[in-house]
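See structure below.
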Amino acid sequence: MTDHPNAAATRAAIEAFSKGDVESMAAALAEDAVWHIPGSNRFSGEFRGKAAVLGRFQQMGAAGLRTSIDEIHDVVGNDEHVVALVKISIGPAEATASANAVWVMHVADGKMLEFWGLNDNQGEIDRVIG
Amino acid sequence: MDTLKELLTDDAVWHSGGHSPLSGDYKGLGEMLSLFARFFELTGGDMSQELHAVLADDEHAVVLLKQHIGRPDGRSYDGNDVHVFHIADGKVTEFWGLSGDEAASDAALS
């Protein structure tokens with residue numbers, strides 16, 4: 001089965017992100033994108049607007065925190081939603097937490113409009129990020 | 001019950017997320033039914049789900065839903081949860097339930 005165009009575009013954006021290609025990632029975001037980041041760590045919360053979403057990634061990098069995408073397990077999409085099943089490692093290099101993550105996105109006009117992240121190991125992620 | 005048997009492989013695994021007493025892996029229909037019974041005991045049946053979307057490809061089905069869990073003592077959880085199913089030959093081999101707010105879900109179920 002061929003991926004839905006929204007799933008294919010999202011997969012490409014995630015692959016770009018995993019390679020540190022921020023420009024391609026940024027191009028996939030809507031200007032009024034909203035990112036809902038789970039948990040209770042210093043980078044959890046709601047980030048409104050492309051600048052705030054990208055700013056969060058930059059701030060995490062500046063804090064010595066890295067999100068590695070260890071596996072893109074699958075990306076499923078339809079006209080409104082894309083869901084990516086990914087394995088991630090997150091945290092400072094010396095103490096990362098791994099999780100099965102589900103990224104749920106609302107997509108409009110081929111751009112990521114809203115994002116919700118869910119992790120199966122949120123408590124540990126909160127602990128390593130602080 | 002027969003419907004569940006038809007939908008699941010005999011060795012299907014149900015991964016219940018979070019860190020509550022109900023979290024963990026449940027293998028086979030028998031263990032899953034015990035989990036569902038425990039959910040029912042804890043909530044007194046005050047559980048509901050409102051479907052937001054269902055997406056699928058050849059290997060996975062993903063359900064986006066609003067989950068409500070209520071406890072007789074007044075605690076409750078309302079969140080955007082995701083259910084992920086691995087499917088092979090038309091049967092569910094594995095299930096993961098992820099909570100949109102793990103800490104809140106754990107608190108309501110502990």
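Residues in the structure tokens are numbered from 1 in each chain, the chains being A, B, ... in the order shown, and ligands are numbered from 1 in the order shown.
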With only C-alpha atoms considered, list every residue of chain B at most 10 Å from chain A, as an NGL selection string.
:B and (15-19 or 53-64 or 80-84 or 96-104)
Apply DSSP to the structure's backbone, then extract all residues of chain B labelled helix (DSSP H, G or I) and return them as a VMD selection string.
chain B and resid 2 to 7 28 to 43 102 to 109
Which residue is closest to Arg71 of chain B? Choose from B:Gly24, B:Met1, B:Asp89, B:Ala107 and count only C-alpha atoms.
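Counting only C-alpha atoms, the residue closest to Arg71 of chain B is B:Ala107.
Using only C-alpha atoms, the nearest neighbour of Leu42 of chain B within the list B:Leu29, B:Glu94, B:Gly74, B:Asp11 is B:Gly74.
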Could you give me, as an MDAnalysis selection string, each residue of segment 20-69 of chain A that DSSP assigns to strand (DSSP E or B) when run on this structure's backbone?
chainID A and resid 29:37 45:48 65:69
Give me the residues near segment 9-19 of chain A as an MDAnalysis selection string, where near means some atom within 7 Å (using only C-alpha atoms) and where sequence neighbours in that chain fewer than 6 positions away do not count.
chainID A and resid 25 28 68:69 75
Using only C-alpha atoms, please write the residues we just selected to a file, as a PDB file, in the first residue's frame.
ATOM      1  CA  MET A  25      11.846  20.371   9.026  1.00  0.00           C
ATOM      2  CA  ALA A  28       7.144  21.334   6.726  1.00  0.00           C
ATOM      3  CA  SER A  68      17.561  10.945  18.554  1.00  0.00           C
ATOM      4  CA  ILE A  69      15.173   9.072  16.334  1.00  0.00           C
ATOM      5  CA  VAL A  75       3.893   6.515   9.515  1.00  0.00           C
TER       6      VAL A  75
END
Interatomic distance (Å, one decimal) between atom CA of Ser20 of chain B and atom CA of Asp106 of chain B:
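These atoms are spaced 4.8 Å apart.
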Residues near Glu71 of chain A, anyone? I mean within 8 Å using only C-alpha atoms, not counting same-chain ones fewer than 2 positions away, as a PyMOL selection string.
chain A and resi 69+73+86-88
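Atom CA of Leu51 of chain B to atom CA of His68 of chain B spans 11.5 Å [interatomic distance, one decimal].
The nearest approach to Phe36 of chain B among the residues B:Gln49, B:Asp2, B:Trp14, B:Leu65, with only C-alpha atoms taken into account, belongs to B:Trp14.
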Do you know which residues are at most 12 Å from Thr43 of chain B counting only C-alpha atoms, after dropping those on the same chain fewer than 5 positions away, and could you put them as number ranges by chain?
B: 36-38, 48, 68-77, 108-110
From A:Gly20, A:Asp79, A:Arg66, A:Asn41, residue lying nearest Gly110 of chain A [only C-alpha atoms]
A:Asp79
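You will find atom CA of Phe47 of chain A at 20.5 Å from atom CA of Asp109 of chain A.
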Find the residues near segment 63-65 of chain A: any atom within 9 Å, counting only C-alpha atoms, skip ones fewer than 2 places away on the same chain, and give them as a VMD selection string.
chain A and resid 58 to 61 67 90 to 93 96 129
